[in-house]
Amino acid sequence: MRNRIIPRSLTRRCVLVTALGGVGSLAAPHIMRIAAAQNWRGGNPFSLGVASGAPRPDGFVLWTRLAPEPLSSNPETPGGMSGGDVTLRYEIATDPGMNKIVRHGSATAEAAFAYSVHLDVAGLQAGRSYWYRFLSGDAVSRTGRAITLPSAESAVAKMRFGFVSCSNYEHGYFPAYRHLASENPEFVLFLGDYIYETIEQYRPIVRRHSDGVEAATLPTYRNRHAQYRLDTDLQDLHAQVPAIVTWDDHDVQNDYADKWSETFDDPVQFLLRRAAAYQAFYEHMPLRPILSRPNGPVMRVYDRFTLGGLIEISVIDGRQYRSRQACYAPPNKGGAHLETNASCPERLDPGRTMLGFGQEAWLYAGLAHSNARWNFIAQDVLMAQLRRNRDGIDAFWTDDWNGYPANRARLLQHIYDSKVSNPVIISGDIHSFMANDLKLDFDDQASPVVATEFVGSSISSYGPPYDPIARVLPNNPHVHFFDSRRRGYVLVDLTADAMQAQMRVVSNAQDPKATIATFKTFAVEGGRPGVVEA
């Protein structure tokens with residue numbers, strides 16, 4: 001039987017308490033159900049856990065989603081819920097035992113967004129941890145941890161964070177998330193492919209995706225996100241470590257670019273699918289509603305985070321605004337493919353953009369005006385040139401920055417001309433660990449190194465074949481390290497003088513009890529861009 005909120009009668013006393021702000025409020029034009037009046041029968045409304053994210057010096061976003069039946073098959077009752085918005089309570093404390101409450105009040109689970117909560121909290125003390133929980137009638141969520149960023153004038157001595165990408169539920173478990181949580185980072189950057197819309201057809205399946213179909217509609221995207229959120233290791237990471245997020249292709253469809261799908265769908269129809277995917281993404285992420293609330297197929301995720309004088313992180317969107325992939329043409333060239341310059345002169349077109357010119361301008365202005373010691377660009381796909389081989393001729397993969405070399409050149413030239421302090425790019429997507437120097441001209445050995453790139457492997461997704469890429473590494477001397485055979489994440493320790501990047505690997509992503517080890521460690525010295533093996 002579906003679990004539903006059963007509101008008690010709204011007595012005069014209840015309404016008075018509501019009006020005084022003790023519980024919630026009545027909302028027009030429909031009645032907003034009141035948290036204290038709810039009795040949850042046979043289901044945990046907080047089954048998908050809690051999360052915090054989008055931190056700022058005075059606050060953060062707190063997330064949950066009411067879902068007593070998280071994988072409900074009825075599209076009219078997402079998560080087993082129906083009716084109007086629901087008001088629930090929240091508490092924020094300065095201790096993990098929730099004994100020292102410093103903020104409490106009401107939050108809204110919006111029916112239009114699958115009863116998700118995006119509580120944007122402000123007015124807190126900078127540079128510290130807080131703990132929080134949600135309450136609805138007789139149900140209490142688990143306790144989560146959030147942080148506020150250091151104030152702009154703070155002298156931050158050190159910082160630890162992790163970055164992750166590419167967690168395919170069908171390819172394995174998520175022990176990497178559990179181990180990252182135990183490393184006690186201040187925050188984690190999710191760089192895309194948080195879910196996979198696909199159904200595996202060719203490789204071994206460890207556990208099956210929800211609904212048995214490729215996610216392509218709002219109900220199927222919602223269920224896919226809910227299935228991932230039910231994973232214990234993922235829930236624990238979100239409860240313990242604040243999140244900063246962007247997306248990549250599989251959060252919508254493999255290798256999509258703006259309104260162009262991999263499968264040559266009509267752009268109008270594909271934008272409907274994109275709108276569904278974007279809405280489900282918003283419904284399950286701790287994103288700021290004032291910035292990221294979706295409007296059909298349009299939703300902003302790029303943002304900037306400043307941690308005292310030590311770090312500024314520009315989180316960018318490499319999918320929504322990009323030019324159509326080079327040499328995209330029916331019947332058999334949709335999405336990414338290897339192309340030579342001769343077969344695809346479009347790849348070199350200076351008018352092509354990975355980021356969209358509006359986002360480019362935003363990024364360049366932020367980098368030029370940053371006062372931070374270290375400047376990170378957190379994004380979805382490989383930035384370094386990777387010269388591959390197709391039938392004995394140099395070729396390039398068109399889905400990553402190699403398909404948009406003019407935009408890459410503009411960005412690296414801007415970093416060089418603006419004298420950006422210690423620029424580091426962190427990337428995902430290719431299910432491989434890499435450590436790269438980023439040069440103004442990748443084909444000129446004398447060209448200056450202007451930035452450093454670290455690519456994290458996948459959490460569970462199978463890696464690309466190792467040998468074909470390993471064979472072309474001599475033609476890519478700026479690539480200092482590559483390995484696609486191991487799953488894991490990157491753990492970053494940062495001081496004013498140095499960055500250390502540990503490539504942490506699980507023993508077997510198909511074993512939920514997998515152990516963790518350090519595979520390789522690299523460093524970047526302050527004031528000297530480029531990779532140093534530690």
# chains A, B, ... in the order shown; residues from 1 in each chain; ligands from 1
call {"tool": "select_by_dssp", "arguments": {"residues": "segment 196-343 of chain A", "states": "helix (DSSP H, G or I)", "output": "NGL selection string"}}
result
:A and (210-212 or 218-229 or 232-240 or 249-251 or 267-283 or 289-292)
call {"tool": "closest_atom_pairs", "arguments": {"of": "segment 357-468 of chain A", "to": "segment 232-256 of chain A", "cutoff": "10 Å", "atoms": "only C-alpha atoms", "output": "tab-separated table"}}
result
residue	atom	partner	partner_atom	distance
A:Ala378	CA	A:Thr246	CA	8.3
A:Gln379	CA	A:Thr246	CA	7.2
A:Asp380	CA	A:Asp248	CA	5.7
A:Val381	CA	A:Asp248	CA	7.9
A:Thr398	CA	A:Asp255	CA	9.6
A:Asp399	CA	A:Asp255	CA	6.6
A:Asp400	CA	A:Asp255	CA	9.4
A:Gly428	CA	A:Asp248	CA	8.8
A:Asp429	CA	A:Asp248	CA	7.4
call {"tool": "write_last_selection", "arguments": {"atoms": "N, CA, C and O atoms", "output": "PDB file, in the first residue's frame"}}
result
ATOM      1  N   ALA A 378      36.949  23.212 -12.149  1.00  0.00           N
ATOM      2  CA  ALA A 378      36.381  21.873 -11.972  1.00  0.00           C
ATOM      3  C   ALA A 378      35.417  21.629 -13.116  1.00  0.00           C
ATOM      4  O   ALA A 378      34.456  22.378 -13.303  1.00  0.00           O
ATOM      5  N   GLN A 379      35.659  20.562 -13.902  1.00  0.00           N
ATOM      6  CA  GLN A 379      34.869  20.364 -15.108  1.00  0.00           C
ATOM      7  C   GLN A 379      34.844  18.894 -15.502  1.00  0.00           C
ATOM      8  O   GLN A 379      35.451  18.054 -14.861  1.00  0.00           O
ATOM      9  N   ASP A 380      34.136  18.598 -16.593  1.00  0.00           N
ATOM     10  CA  ASP A 380      33.725  17.223 -16.829  1.00  0.00           C
ATOM     11  C   ASP A 380      34.666  16.384 -17.669  1.00  0.00           C
ATOM     12  O   ASP A 380      34.762  15.173 -17.448  1.00  0.00           O
ATOM     13  N   VAL A 381      35.375  16.952 -18.658  1.00  0.00           N
ATOM     14  CA  VAL A 381      36.071  16.111 -19.636  1.00  0.00           C
ATOM     15  C   VAL A 381      37.547  16.492 -19.770  1.00  0.00           C
ATOM     16  O   VAL A 381      37.956  17.594 -19.403  1.00  0.00           O
ATOM     17  N   THR A 398      36.443  13.614 -30.356  1.00  0.00           N
ATOM     18  CA  THR A 398      35.729  14.870 -30.543  1.00  0.00           C
ATOM     19  C   THR A 398      34.792  15.250 -29.406  1.00  0.00           C
ATOM     20  O   THR A 398      34.220  16.341 -29.427  1.00  0.00           O
ATOM     21  N   ASP A 399      34.611  14.402 -28.405  1.00  0.00           N
ATOM     22  CA  ASP A 399      33.677  14.712 -27.327  1.00  0.00           C
ATOM     23  C   ASP A 399      34.305  15.544 -26.222  1.00  0.00           C
ATOM     24  O   ASP A 399      33.607  16.274 -25.526  1.00  0.00           O
ATOM     25  N   ASP A 400      35.627  15.445 -26.029  1.00  0.00           N
ATOM     26  CA  ASP A 400      36.280  16.228 -24.983  1.00  0.00           C
ATOM     27  C   ASP A 400      36.864  17.506 -25.598  1.00  0.00           C
ATOM     28  O   ASP A 400      36.506  17.900 -26.709  1.00  0.00           O
ATOM     29  N   GLY A 428      37.017  14.730 -15.237  1.00  0.00           N
ATOM     30  CA  GLY A 428      36.514  13.366 -15.117  1.00  0.00           C
ATOM     31  C   GLY A 428      36.302  12.744 -16.477  1.00  0.00           C
ATOM     32  O   GLY A 428      37.108  12.898 -17.372  1.00  0.00           O
ATOM     33  N   ASP A 429      35.245  11.954 -16.614  1.00  0.00           N
ATOM     34  CA  ASP A 429      34.695  11.445 -17.863  1.00  0.00           C
ATOM     35  C   ASP A 429      35.364  10.201 -18.435  1.00  0.00           C
ATOM     36  O   ASP A 429      34.669   9.298 -18.892  1.00  0.00           O
TER      37      ASP A 429
END
call {"tool": "residues_around", "arguments": {"residues": "Ala280 of chain A", "least_positions_apart": "5", "cutoff": "9 Å", "atoms": "only C-alpha atoms", "output": "VMD selection string"}}
result
chain A and resid 113 to 114 218 to 219 221 to 223 225 275 285
call {"tool": "atom_distance", "arguments": {"atom1": "atom CA of Tyr278 of chain A", "atom2": "atom CA of Thr77 of chain A"}}
result
19.2 Å
call {"tool": "select_by_dssp", "arguments": {"residues": "segment 209-362 of chain A", "states": "strand (DSSP E or B)", "output": "PyMOL selection string"}}
result
chain A and resi 243-245+257+260+295+298+303-307+311-315+329+333+338-339
call {"tool": "write_last_selection", "arguments": {"atoms": "N, CA, C and O atoms", "output": "mmCIF file, in the first residue's frame"}}
result
data_model
loop_
_atom_site.group_PDB
_atom_site.id
_atom_site.type_symbol
_atom_site.label_atom_id
_atom_site.label_comp_id
_atom_site.auth_asym_id
_atom_site.auth_seq_id
_atom_site.Cartn_x
_atom_site.Cartn_y
_atom_site.Cartn_z
ATOM 1 N N ALA A 243 28.872 18.702 -0.763
ATOM 2 C CA ALA A 243 29.062 18.429 -2.183
ATOM 3 C C ALA A 243 29.022 19.711 -3.001
ATOM 4 O O ALA A 243 28.237 20.621 -2.732
ATOM 5 N N ILE A 244 29.885 19.755 -4.010
ATOM 6 C CA ILE A 244 29.828 20.758 -5.071
ATOM 7 C C ILE A 244 29.720 19.971 -6.368
ATOM 8 O O ILE A 244 30.512 19.053 -6.603
ATOM 9 N N VAL A 245 28.741 20.284 -7.224
ATOM 10 C CA VAL A 245 28.420 19.385 -8.328
ATOM 11 C C VAL A 245 28.356 20.094 -9.676
ATOM 12 O O VAL A 245 27.983 21.263 -9.773
ATOM 13 N N ALA A 257 25.352 17.121 -26.986
ATOM 14 C CA ALA A 257 25.952 18.448 -27.049
ATOM 15 C C ALA A 257 24.836 19.460 -27.263
ATOM 16 O O ALA A 257 24.235 19.499 -28.335
ATOM 17 N N TRP A 260 21.756 18.747 -29.461
ATOM 18 C CA TRP A 260 22.009 17.655 -30.399
ATOM 19 C C TRP A 260 22.271 16.358 -29.638
ATOM 20 O O TRP A 260 23.196 16.257 -28.834
ATOM 21 N N ASN A 295 14.341 25.662 -15.693
ATOM 22 C CA ASN A 295 13.270 26.270 -16.483
ATOM 23 C C ASN A 295 13.203 25.516 -17.803
ATOM 24 O O ASN A 295 13.867 25.871 -18.774
ATOM 25 N N VAL A 298 16.563 24.466 -19.611
ATOM 26 C CA VAL A 298 17.609 25.419 -19.229
ATOM 27 C C VAL A 298 17.812 25.345 -17.723
ATOM 28 O O VAL A 298 16.855 25.446 -16.951
ATOM 29 N N ASP A 303 29.240 27.757 -11.332
ATOM 30 C CA ASP A 303 29.250 28.569 -10.110
ATOM 31 C C ASP A 303 30.705 28.730 -9.665
ATOM 32 O O ASP A 303 31.608 28.064 -10.186
ATOM 33 N N ARG A 304 30.896 29.584 -8.677
ATOM 34 C CA ARG A 304 32.253 29.858 -8.199
ATOM 35 C C ARG A 304 32.262 29.827 -6.680
ATOM 36 O O ARG A 304 31.335 30.327 -6.026
ATOM 37 N N PHE A 305 33.336 29.250 -6.102
ATOM 38 C CA PHE A 305 33.458 29.103 -4.658
ATOM 39 C C PHE A 305 34.846 29.573 -4.240
ATOM 40 O O PHE A 305 35.854 29.115 -4.778
ATOM 41 N N THR A 306 34.884 30.483 -3.255
ATOM 42 C CA THR A 306 36.135 31.051 -2.781
ATOM 43 C C THR A 306 36.346 30.676 -1.331
ATOM 44 O O THR A 306 35.473 30.912 -0.484
ATOM 45 N N LEU A 307 37.499 30.092 -1.036
ATOM 46 C CA LEU A 307 37.819 29.624 0.307
ATOM 47 C C LEU A 307 38.961 30.466 0.848
ATOM 48 O O LEU A 307 40.151 30.159 0.665
ATOM 49 N N ILE A 311 42.010 29.303 -2.010
ATOM 50 C CA ILE A 311 41.464 28.613 -3.189
ATOM 51 C C ILE A 311 40.280 29.391 -3.752
ATOM 52 O O ILE A 311 39.423 29.882 -3.014
ATOM 53 N N GLU A 312 40.217 29.419 -5.083
ATOM 54 C CA GLU A 312 38.977 29.762 -5.772
ATOM 55 C C GLU A 312 38.693 28.643 -6.764
ATOM 56 O O GLU A 312 39.584 28.238 -7.517
ATOM 57 N N ILE A 313 37.471 28.153 -6.764
ATOM 58 C CA ILE A 313 37.073 27.047 -7.640
ATOM 59 C C ILE A 313 35.987 27.538 -8.580
ATOM 60 O O ILE A 313 34.912 27.957 -8.133
ATOM 61 N N SER A 314 36.272 27.501 -9.871
ATOM 62 C CA SER A 314 35.259 27.786 -10.882
ATOM 63 C C SER A 314 34.725 26.450 -11.385
ATOM 64 O O SER A 314 35.463 25.669 -11.989
ATOM 65 N N VAL A 315 33.454 26.184 -11.106
ATOM 66 C CA VAL A 315 32.808 24.939 -11.525
ATOM 67 C C VAL A 315 32.059 25.240 -12.818
ATOM 68 O O VAL A 315 31.180 26.112 -12.836
ATOM 69 N N ALA A 329 26.995 14.007 -38.304
ATOM 70 C CA ALA A 329 26.196 13.851 -39.524
ATOM 71 C C ALA A 329 25.639 12.440 -39.607
ATOM 72 O O ALA A 329 26.338 11.468 -39.329
ATOM 73 N N LYS A 333 27.497 9.143 -37.756
ATOM 74 C CA LYS A 333 28.462 9.980 -37.053
ATOM 75 C C LYS A 333 27.756 10.901 -36.073
ATOM 76 O O LYS A 333 27.801 12.111 -36.189
ATOM 77 N N LEU A 338 36.644 9.407 -33.355
ATOM 78 C CA LEU A 338 38.001 9.825 -33.699
ATOM 79 C C LEU A 338 37.992 10.461 -35.075
ATOM 80 O O LEU A 338 37.431 9.916 -36.022
ATOM 81 N N GLU A 339 38.635 11.618 -35.191
ATOM 82 C CA GLU A 339 38.691 12.301 -36.482
ATOM 83 C C GLU A 339 40.078 12.873 -36.701
ATOM 84 O O GLU A 339 40.740 13.337 -35.763
#
call {"tool": "residues_around", "arguments": {"residues": "Val420 of chain A", "least_positions_apart": "6", "cutoff": "12 Å", "atoms": "only C-alpha atoms", "output": "PyMOL selection string"}}
result
chain A and resi 312+363-377+411-414+450-451+526-529
call {"tool": "atom_distance", "arguments": {"atom1": "atom CA of Tyr282 of chain A", "atom2": "atom CA of Arg300 of chain A"}}
result
10.0 Å
call {"tool": "closest_atom_pairs", "arguments": {"of": "segment 400-487 of chain A", "to": "segment 505-524 of chain A", "cutoff": "12 Å", "atoms": "only C-alpha atoms", "output": "Markdown table"}}
result
| residue | atom | partner | partner_atom | distance |
| --- | --- | --- | --- | --- |
| A:Asn422 | CA | A:Val524 | CA | 8.6 |
| A:Pro423 | CA | A:Val524 | CA | 10.0 |
| A:Val424 | CA | A:Val524 | CA | 8.9 |
| A:Ile425 | CA | A:Val524 | CA | 11.8 |
| A:Ser432 | CA | A:Val505 | CA | 11.1 |
| A:Phe433 | CA | A:Lys520 | CA | 9.3 |
| A:Met434 | CA | A:Lys520 | CA | 10.2 |
| A:Ala435 | CA | A:Phe522 | CA | 7.8 |
| A:Asn436 | CA | A:Phe522 | CA | 10.5 |
| A:Asp437 | CA | A:Val524 | CA | 10.4 |
| A:Ala451 | CA | A:Val524 | CA | 9.8 |
| A:Thr452 | CA | A:Val524 | CA | 7.8 |
| A:Glu453 | CA | A:Val524 | CA | 10.0 |
| A:Phe454 | CA | A:Phe522 | CA | 9.1 |
| A:Val455 | CA | A:Phe522 | CA | 11.7 |
| A:Gly456 | CA | A:Val505 | CA | 10.2 |
| A:Ser457 | CA | A:Val505 | CA | 8.7 |
| A:Ser458 | CA | A:Val505 | CA | 9.7 |
| A:Ile459 | CA | A:Ala509 | CA | 7.5 |
| A:Ser460 | CA | A:Ala509 | CA | 5.6 |
| A:Ser461 | CA | A:Ala509 | CA | 8.7 |
| A:Tyr462 | CA | A:Ala509 | CA | 9.5 |
| A:Gly463 | CA | A:Ala509 | CA | 11.7 |
| A:His480 | CA | A:Phe522 | CA | 9.9 |
| A:Phe481 | CA | A:Lys520 | CA | 9.2 |
| A:Phe482 | CA | A:Lys520 | CA | 10.5 |
| A:Asp483 | CA | A:Phe519 | CA | 10.0 |
| A:Ser484 | CA | A:Val505 | CA | 11.2 |
| A:Arg485 | CA | A:Val505 | CA | 9.9 |
| A:Arg486 | CA | A:Val505 | CA | 6.3 |
| A:Arg487 | CA | A:Val505 | CA | 5.5 |
call {"tool": "write_last_selection", "arguments": {"atoms": "N, CA, C and O atoms", "output": "compact mmCIF listing (two decimals), in the first residue's frame"}}
result
# COMPACT_ATOMS: atom_id res chain seq x y z
N ASN A 422 48.62 29.89 -10.00
CA ASN A 422 48.53 28.45 -9.79
C ASN A 422 47.24 27.84 -10.34
O ASN A 422 46.42 27.30 -9.59
N PRO A 423 47.05 27.89 -11.66
CA PRO A 423 45.84 27.31 -12.24
C PRO A 423 45.94 25.79 -12.33
O PRO A 423 46.93 25.23 -12.81
N VAL A 424 44.88 25.12 -11.87
CA VAL A 424 44.80 23.65 -11.91
C VAL A 424 43.43 23.27 -12.43
O VAL A 424 42.41 23.76 -11.93
N ILE A 425 43.40 22.39 -13.42
CA ILE A 425 42.14 21.88 -13.95
C ILE A 425 41.93 20.47 -13.41
O ILE A 425 42.86 19.64 -13.43
N SER A 432 39.73 7.11 -16.25
CA SER A 432 41.19 6.91 -16.23
C SER A 432 41.80 7.96 -15.31
O SER A 432 41.29 9.07 -15.18
N PHE A 433 42.93 7.59 -14.71
CA PHE A 433 43.77 8.56 -14.01
C PHE A 433 44.74 9.17 -15.02
O PHE A 433 45.36 8.45 -15.82
N MET A 434 44.91 10.49 -14.97
CA MET A 434 45.90 11.16 -15.80
C MET A 434 46.49 12.33 -15.03
O MET A 434 45.83 12.92 -14.17
N ALA A 435 47.73 12.66 -15.35
CA ALA A 435 48.40 13.84 -14.82
C ALA A 435 49.07 14.53 -16.01
O ALA A 435 49.96 13.95 -16.65
N ASN A 436 48.65 15.77 -16.31
CA ASN A 436 49.04 16.41 -17.57
C ASN A 436 49.54 17.84 -17.35
O ASN A 436 49.04 18.56 -16.50
N ASP A 437 50.51 18.22 -18.18
CA ASP A 437 50.87 19.62 -18.33
C ASP A 437 50.00 20.22 -19.43
O ASP A 437 49.80 19.59 -20.48
N ALA A 451 49.36 25.60 -17.07
CA ALA A 451 48.45 25.05 -16.06
C ALA A 451 48.71 23.56 -15.92
O ALA A 451 49.44 22.95 -16.72
N THR A 452 48.10 22.97 -14.90
CA THR A 452 48.23 21.54 -14.62
C THR A 452 46.84 20.93 -14.64
O THR A 452 45.88 21.55 -14.22
N GLU A 453 46.75 19.68 -15.13
CA GLU A 453 45.49 18.97 -15.12
C GLU A 453 45.63 17.61 -14.45
O GLU A 453 46.57 16.87 -14.74
N PHE A 454 44.69 17.31 -13.56
CA PHE A 454 44.56 15.97 -13.00
C PHE A 454 43.19 15.42 -13.37
O PHE A 454 42.17 16.11 -13.22
N VAL A 455 43.18 14.20 -13.88
CA VAL A 455 41.95 13.52 -14.24
C VAL A 455 41.75 12.37 -13.28
O VAL A 455 42.68 11.58 -13.03
N GLY A 456 40.54 12.28 -12.73
CA GLY A 456 40.24 11.18 -11.83
C GLY A 456 39.61 10.01 -12.56
O GLY A 456 38.86 10.19 -13.52
N SER A 457 39.89 8.82 -12.13
CA SER A 457 39.27 7.64 -12.71
C SER A 457 37.81 7.57 -12.29
O SER A 457 37.30 8.44 -11.58
N SER A 458 37.13 6.54 -12.74
CA SER A 458 35.72 6.36 -12.41
C SER A 458 35.56 5.74 -11.03
O SER A 458 36.45 5.03 -10.52
N ILE A 459 34.39 5.97 -10.45
CA ILE A 459 34.03 5.30 -9.20
C ILE A 459 33.79 3.81 -9.45
O ILE A 459 34.23 2.96 -8.69
N SER A 460 33.08 3.49 -10.55
CA SER A 460 32.79 2.08 -10.83
C SER A 460 32.77 1.77 -12.33
O SER A 460 32.88 0.59 -12.70
N SER A 461 32.61 2.75 -13.19
CA SER A 461 32.44 2.51 -14.63
C SER A 461 33.68 1.86 -15.22
O SER A 461 34.81 2.24 -14.89
N TYR A 462 33.47 0.89 -16.10
CA TYR A 462 34.59 0.23 -16.75
C TYR A 462 35.46 1.23 -17.50
O TYR A 462 34.95 2.16 -18.13
N GLY A 463 36.77 1.01 -17.46
CA GLY A 463 37.69 1.91 -18.13
C GLY A 463 37.86 1.56 -19.60
O GLY A 463 37.55 0.45 -20.03
N HIS A 480 51.98 13.02 -18.36
CA HIS A 480 52.99 12.40 -17.50
C HIS A 480 52.55 11.04 -16.96
O HIS A 480 53.39 10.22 -16.58
N PHE A 481 51.23 10.82 -16.92
CA PHE A 481 50.76 9.56 -16.37
C PHE A 481 49.38 9.25 -16.92
O PHE A 481 48.54 10.15 -17.08
N PHE A 482 49.16 7.96 -17.20
CA PHE A 482 47.85 7.49 -17.65
C PHE A 482 47.66 6.06 -17.14
O PHE A 482 48.56 5.23 -17.23
N ASP A 483 46.46 5.77 -16.62
CA ASP A 483 46.10 4.41 -16.30
C ASP A 483 44.58 4.30 -16.27
O ASP A 483 43.91 5.05 -15.56
N SER A 484 44.04 3.38 -17.05
CA SER A 484 42.59 3.20 -17.14
C SER A 484 42.12 1.89 -16.49
O SER A 484 40.95 1.53 -16.61
N ARG A 485 43.01 1.21 -15.78
CA ARG A 485 42.70 -0.13 -15.29
C ARG A 485 42.19 -0.16 -13.86
O ARG A 485 41.80 -1.22 -13.36
N ARG A 486 42.17 0.99 -13.20
CA ARG A 486 41.81 1.03 -11.79
C ARG A 486 40.71 2.05 -11.55
O ARG A 486 40.64 3.08 -12.20
N ARG A 487 39.88 1.74 -10.55
CA ARG A 487 38.75 2.60 -10.19
C ARG A 487 39.08 3.32 -8.89
O ARG A 487 39.76 2.79 -8.02
